[in-house]
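What follows is the content of final.cif, which has mmCIF, C-alpha atoms:
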```
data_my_file
#
loop_
_atom_site.label_atom_id
_atom_site.label_comp_id
_atom_site.auth_asym_id
_atom_site.auth_seq_id
_atom_site.Cartn_x
_atom_site.Cartn_y
_atom_site.Cartn_z
CA MET A 1 -23.15 2.61 30.95
CA GLU A 2 -24.32 6.20 31.23
CA ASN A 3 -22.07 8.86 29.75
CA ASN A 4 -19.80 10.44 32.35
CA LYS A 5 -20.66 7.82 34.99
CA VAL A 6 -18.81 4.91 36.54
CA ASP A 7 -20.00 1.58 35.07
CA MET A 8 -21.43 0.00 38.21
CA VAL A 9 -22.10 -3.32 36.45
CA ASN A 10 -18.35 -3.71 35.99
CA VAL A 11 -17.62 -2.48 39.53
CA ASN A 12 -19.99 -5.13 40.92
CA ARG A 13 -18.38 -7.78 38.72
CA LEU A 14 -14.94 -6.64 39.93
CA ILE A 15 -15.94 -6.91 43.59
CA LYS A 16 -17.21 -10.46 43.09
CA ALA A 17 -14.10 -11.43 41.14
CA LEU A 18 -11.71 -9.98 43.74
CA GLU A 19 -13.49 -11.98 46.43
CA LEU A 20 -12.33 -15.11 44.58
CA THR A 21 -8.73 -14.06 45.41
CA PRO A 22 -7.01 -13.90 42.04
CA ASP A 23 -3.32 -14.76 41.81
CA ARG A 24 -2.48 -11.60 39.89
CA ILE A 25 -4.05 -8.13 39.68
CA CYS A 26 -3.02 -5.53 37.13
CA LEU A 27 -4.37 -1.97 37.04
CA ARG A 28 -4.06 0.25 33.97
CA PHE A 29 -5.13 3.83 33.35
CA GLN A 30 -6.67 5.08 30.11
CA THR A 31 -8.36 8.07 28.54
CA ARG A 32 -11.73 7.33 26.91
CA CYS A 33 -13.42 10.17 25.05
CA GLU A 34 -11.37 12.65 27.12
CA MET A 35 -12.53 11.00 30.35
CA PRO A 36 -10.36 9.17 32.92
CA ALA A 37 -10.81 5.41 32.88
CA ILE A 38 -9.31 2.28 34.41
CA LYS A 39 -8.95 -1.34 33.38
CA VAL A 40 -8.33 -4.09 35.90
CA PHE A 41 -7.01 -7.46 34.74
CA LEU A 42 -7.28 -10.49 37.04
CA THR A 43 -5.56 -13.83 36.60
CA TYR A 44 -6.47 -16.92 38.63
CA ALA A 45 -4.44 -20.03 39.51
CA ASN A 46 -6.21 -22.09 36.81
CA GLY A 47 -5.16 -19.57 34.13
CA THR A 48 -8.56 -17.91 33.78
CA ARG A 49 -8.29 -14.18 33.05
CA GLU A 50 -10.91 -11.49 33.54
CA GLU A 51 -10.94 -7.85 32.49
CA PHE A 52 -12.98 -5.01 33.94
CA GLY A 53 -13.13 -1.47 32.58
CA THR A 54 -14.96 1.72 33.44
CA LEU A 55 -14.70 5.46 33.50
CA ALA A 56 -13.21 6.39 36.85
CA ASN A 57 -12.94 9.19 39.37
CA SER A 58 -10.48 9.53 42.22
CA SER A 59 -12.87 7.86 44.69
CA LEU A 60 -13.09 4.71 42.59
CA ILE A 61 -9.34 4.67 41.88
CA ASN A 62 -8.55 4.95 45.59
CA ALA A 63 -11.03 2.18 46.39
CA VAL A 64 -9.51 -0.11 43.72
CA HIS A 65 -6.03 0.58 45.13
CA LYS A 66 -7.21 -0.51 48.58
CA ALA A 67 -8.85 -3.63 47.16
CA MET A 68 -5.57 -4.53 45.44
CA ILE A 69 -3.92 -4.70 48.87
CA PHE A 70 -6.69 -6.81 50.44
CA ASP A 71 -8.98 -4.07 51.82
CA MET A 72 -12.31 -4.50 50.05
CA ASN A 73 -14.26 -2.17 52.36
CA PRO A 74 -13.63 1.08 50.42
CA LEU A 75 -14.70 -0.57 47.15
CA LYS A 76 -17.89 -1.91 48.74
CA GLU A 77 -18.51 1.49 50.31
CA PHE A 78 -18.04 3.10 46.88
CA ARG A 79 -20.61 0.69 45.44
CA GLU A 80 -23.16 1.72 48.04
CA HIS A 81 -22.49 5.42 48.59
CA GLY A 82 -19.72 6.65 46.32
CA ASN A 83 -20.01 9.47 43.81
CA LYS A 84 -20.45 7.80 40.40
CA ASP A 85 -20.09 11.00 38.35
CA ILE A 86 -17.04 11.72 36.20
CA ILE A 87 -16.61 15.47 36.00
CA ASP A 88 -13.05 16.12 34.87
CA LYS A 89 -12.07 15.84 31.24
CA ARG A 90 -8.52 14.66 30.65
CA GLU A 91 -6.39 14.79 27.55
CA ASN A 92 -3.94 12.05 28.57
CA PHE A 93 -4.98 10.50 31.87
CA GLU A 94 -2.47 7.64 31.62
CA LEU A 95 0.43 10.10 31.37
CA GLU A 96 -0.92 12.13 34.31
CA MET A 97 -1.10 9.02 36.46
CA PHE A 98 2.30 7.86 35.23
CA LYS A 99 3.82 11.12 36.49
CA GLU A 100 2.18 10.60 39.89
CA TYR A 101 3.50 7.07 40.19
CA VAL A 102 7.02 7.98 39.06
CA ASN A 103 7.05 10.48 41.93
CA SER A 104 5.74 7.92 44.42
CA THR A 105 7.73 5.58 46.65
CA LEU A 106 6.29 2.41 45.12
CA PRO A 107 8.90 0.02 43.69
CA MET A 108 9.28 0.52 39.94
CA SER A 109 10.60 -1.77 37.25
CA ILE A 110 11.15 -0.94 33.62
CA ARG A 111 10.46 -3.64 31.06
CA GLU A 112 11.66 -3.91 27.50
CA ASP A 113 10.36 -1.12 25.25
CA PHE A 114 7.40 -1.88 23.01
CA ILE A 115 7.76 -0.71 19.41
CA THR A 116 4.74 -0.50 17.10
CA ASN A 117 4.66 -1.37 13.41
CA LYS A 118 4.86 2.37 12.73
CA GLY A 119 8.07 2.64 14.75
CA ASP A 120 6.55 4.38 17.79
CA ARG A 121 8.39 3.41 20.96
CA PHE A 122 6.57 2.89 24.26
CA SER A 123 8.06 2.52 27.72
CA GLN A 124 6.63 -0.35 29.75
CA VAL A 125 6.83 0.49 33.44
CA VAL A 126 5.41 -1.51 36.34
CA PHE A 127 4.84 -0.33 39.91
CA THR A 128 4.42 -2.94 42.64
CA THR A 129 1.92 -2.34 45.45
CA LEU A 130 2.10 -3.61 49.04
CA ASN A 131 0.66 -6.82 47.60
CA PRO A 132 3.46 -8.17 45.38
CA GLN A 133 0.84 -9.90 43.19
CA ALA A 134 -0.86 -6.56 42.43
CA VAL A 135 0.77 -4.15 40.00
CA ILE A 136 0.06 -0.90 38.21
CA TYR A 137 1.16 -1.16 34.57
CA PHE A 138 1.95 1.67 32.19
CA CYS A 139 2.75 1.59 28.50
CA VAL A 140 3.46 5.24 27.72
CA LYS A 141 4.73 6.73 24.50
CA GLN A 142 8.40 7.47 24.88
CA THR A 143 9.00 11.20 24.78
CA VAL A 144 11.74 13.41 26.17
CA GLU A 145 9.46 14.13 29.14
CA VAL A 146 8.92 10.41 29.87
CA GLU A 147 12.62 9.64 29.48
CA ASN A 148 13.50 12.48 31.88
CA LEU A 149 10.98 11.27 34.45
CA LEU A 150 12.41 7.75 34.31
CA TYR A 151 15.98 9.02 34.46
CA GLN A 152 15.23 11.18 37.50
CA ARG A 153 13.54 8.28 39.28
CA LYS A 154 16.44 5.90 38.55
CA ALA A 155 18.93 8.51 39.82
CA GLU A 156 17.23 8.68 43.25
#
```
Translate the structure described by the file into structure tokens.
Amino acid sequence: MENNKVDMVNVNRLIKALELTPDRICLRFQTRCEMPAIKVFLTYANGTREEFGTLANSSLINAVHKAMIFDMNPLKEFREHGNKDIIDKRENFELEMFKEYVNSTLPMSIREDFITNKGDRFSQVVFTTLNPQAVIYFCVKQTVEVENLLYQRKAE
């Protein structure tokens, strides 16, 4: 994988894997070396699991979203003609995306908090897409800001 570029080997692998219609799709956001990144986890009926990760830009993220709800065309179009460059540096991409999703209309569920050996507490939050088998998963460090975002969303 070139620095600051989408890993097209993993994108091609993801396209082939999605064409096998997995039973479960999970998208996660990350920050790698101050660059936005995604991981996609697929689970099949026989229990097989696959994981795909790459640096990501908004074009790829939008294409993956469409593929999660059964529209593979944008992802295939991205493979052929999409911009593969990653320009923006991000300090905490997962938190940025979490804020966007909290403010979206997607159904949200909060799972039991995850607590590390050091005592750090993380909120586990899942957003369901139009495909109930495809989710966006966040495990964000619990801060006053995160708690306020979740409280505001629950109050709506």
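The set of residues that the PyMOL selection byres ((chain A and resi 8) around 12) takes from this file is Met1, Glu2, Lys5, Val6, Asp7, Val9, Asn10, Val11, Asn12, Arg13, Leu14, Ile15, Phe52, Gly53, Thr54, Leu55, Ala56, Leu60, Leu75, Lys76, Phe78, Arg79, Glu80, His81, Gly82, Asn83, Lys84 and Asp85 of chain A.
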For the residues in the current selection, export C-alpha atoms as a compact mmCIF listing (two decimals), in the frame of the given file.
```
# COMPACT_ATOMS: atom_id res chain seq x y z
CA MET A 1 -23.15 2.61 30.95
CA GLU A 2 -24.32 6.20 31.23
CA LYS A 5 -20.66 7.82 34.99
CA VAL A 6 -18.81 4.91 36.54
CA ASP A 7 -20.00 1.58 35.07
CA VAL A 9 -22.10 -3.32 36.45
CA ASN A 10 -18.35 -3.71 35.99
CA VAL A 11 -17.62 -2.48 39.53
CA ASN A 12 -19.99 -5.13 40.92
CA ARG A 13 -18.38 -7.78 38.72
CA LEU A 14 -14.94 -6.64 39.93
CA ILE A 15 -15.94 -6.91 43.59
CA PHE A 52 -12.98 -5.01 33.94
CA GLY A 53 -13.13 -1.47 32.58
CA THR A 54 -14.96 1.72 33.44
CA LEU A 55 -14.70 5.46 33.50
CA ALA A 56 -13.21 6.39 36.85
CA LEU A 60 -13.09 4.71 42.59
CA LEU A 75 -14.70 -0.57 47.15
CA LYS A 76 -17.89 -1.91 48.74
CA PHE A 78 -18.04 3.10 46.88
CA ARG A 79 -20.61 0.69 45.44
CA GLU A 80 -23.16 1.72 48.04
CA HIS A 81 -22.49 5.42 48.59
CA GLY A 82 -19.72 6.65 46.32
CA ASN A 83 -20.01 9.47 43.81
CA LYS A 84 -20.45 7.80 40.40
CA ASP A 85 -20.09 11.00 38.35
```
Could you tell me, as a ChimeraX atom specification, exactly which residues end up selected when the PyMOL selection byres ((chain A and resi 156) around 12) is applied to this structure? /A:102-105,108,149-155
For this file, the PyMOL selection byres ((chain A and resi 32) around 10) selects which residues, as a VMD selection string? chain A and resid 29 to 31 33 to 38 54 to 55 89 to 93
Taking C-alpha atoms for each residue, export the selection above as a JSON list (two decimals), in the coordinates of the input.
```json
[["chain", "number", "residue", "atom", "x", "y", "z"],
["A", 29, "PHE", "CA", -5.13, 3.83, 33.35],
["A", 30, "GLN", "CA", -6.67, 5.08, 30.11],
["A", 31, "THR", "CA", -8.36, 8.07, 28.54],
["A", 33, "CYS", "CA", -13.42, 10.17, 25.05],
["A", 34, "GLU", "CA", -11.37, 12.65, 27.12],
["A", 35, "MET", "CA", -12.53, 11.00, 30.35],
["A", 36, "PRO", "CA", -10.36, 9.17, 32.92],
["A", 37, "ALA", "CA", -10.81, 5.41, 32.88],
["A", 38, "ILE", "CA", -9.31, 2.28, 34.41],
["A", 54, "THR", "CA", -14.96, 1.72, 33.44],
["A", 55, "LEU", "CA", -14.70, 5.46, 33.50],
["A", 89, "LYS", "CA", -12.07, 15.84, 31.24],
["A", 90, "ARG", "CA", -8.52, 14.66, 30.65],
["A", 91, "GLU", "CA", -6.39, 14.79, 27.55],
["A", 92, "ASN", "CA", -3.94, 12.05, 28.57],
["A", 93, "PHE", "CA", -4.98, 10.50, 31.87]]
```
Which residue is closest to Glu100 of chain A? Choose from A:Ile136, A:Asp88, A:Ala67, A:Asp113 and count only C-alpha atoms. A:Ile136
Under the rule that all atoms listed in the file are counted, which of A:Ile86, A:Thr129, A:Thr116, A:Lys99 is the nearest residue to Asn4 of chain A? A:Ile86
Here is a test: counting all atoms listed in the file, which residue of A:Val40, A:Leu27, A:Leu95, A:Met68 is nearest to Val126 of chain A? A:Leu27
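Here atom CA of Lys141 of chain A is placed at a distance of 29.7 Å from atom CA of Gly47 of chain A.
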Using all atoms listed in the file: which of A:Leu130, A:Val125, A:Cys139, A:Cys26 has the shortest distance to Thr43 of chain A: A:Cys26
Enter the distance from atom CA of Pro22 of chain A to atom CA of Ala45 of chain A, in Å, rounded to one decimal. 7.1 Å
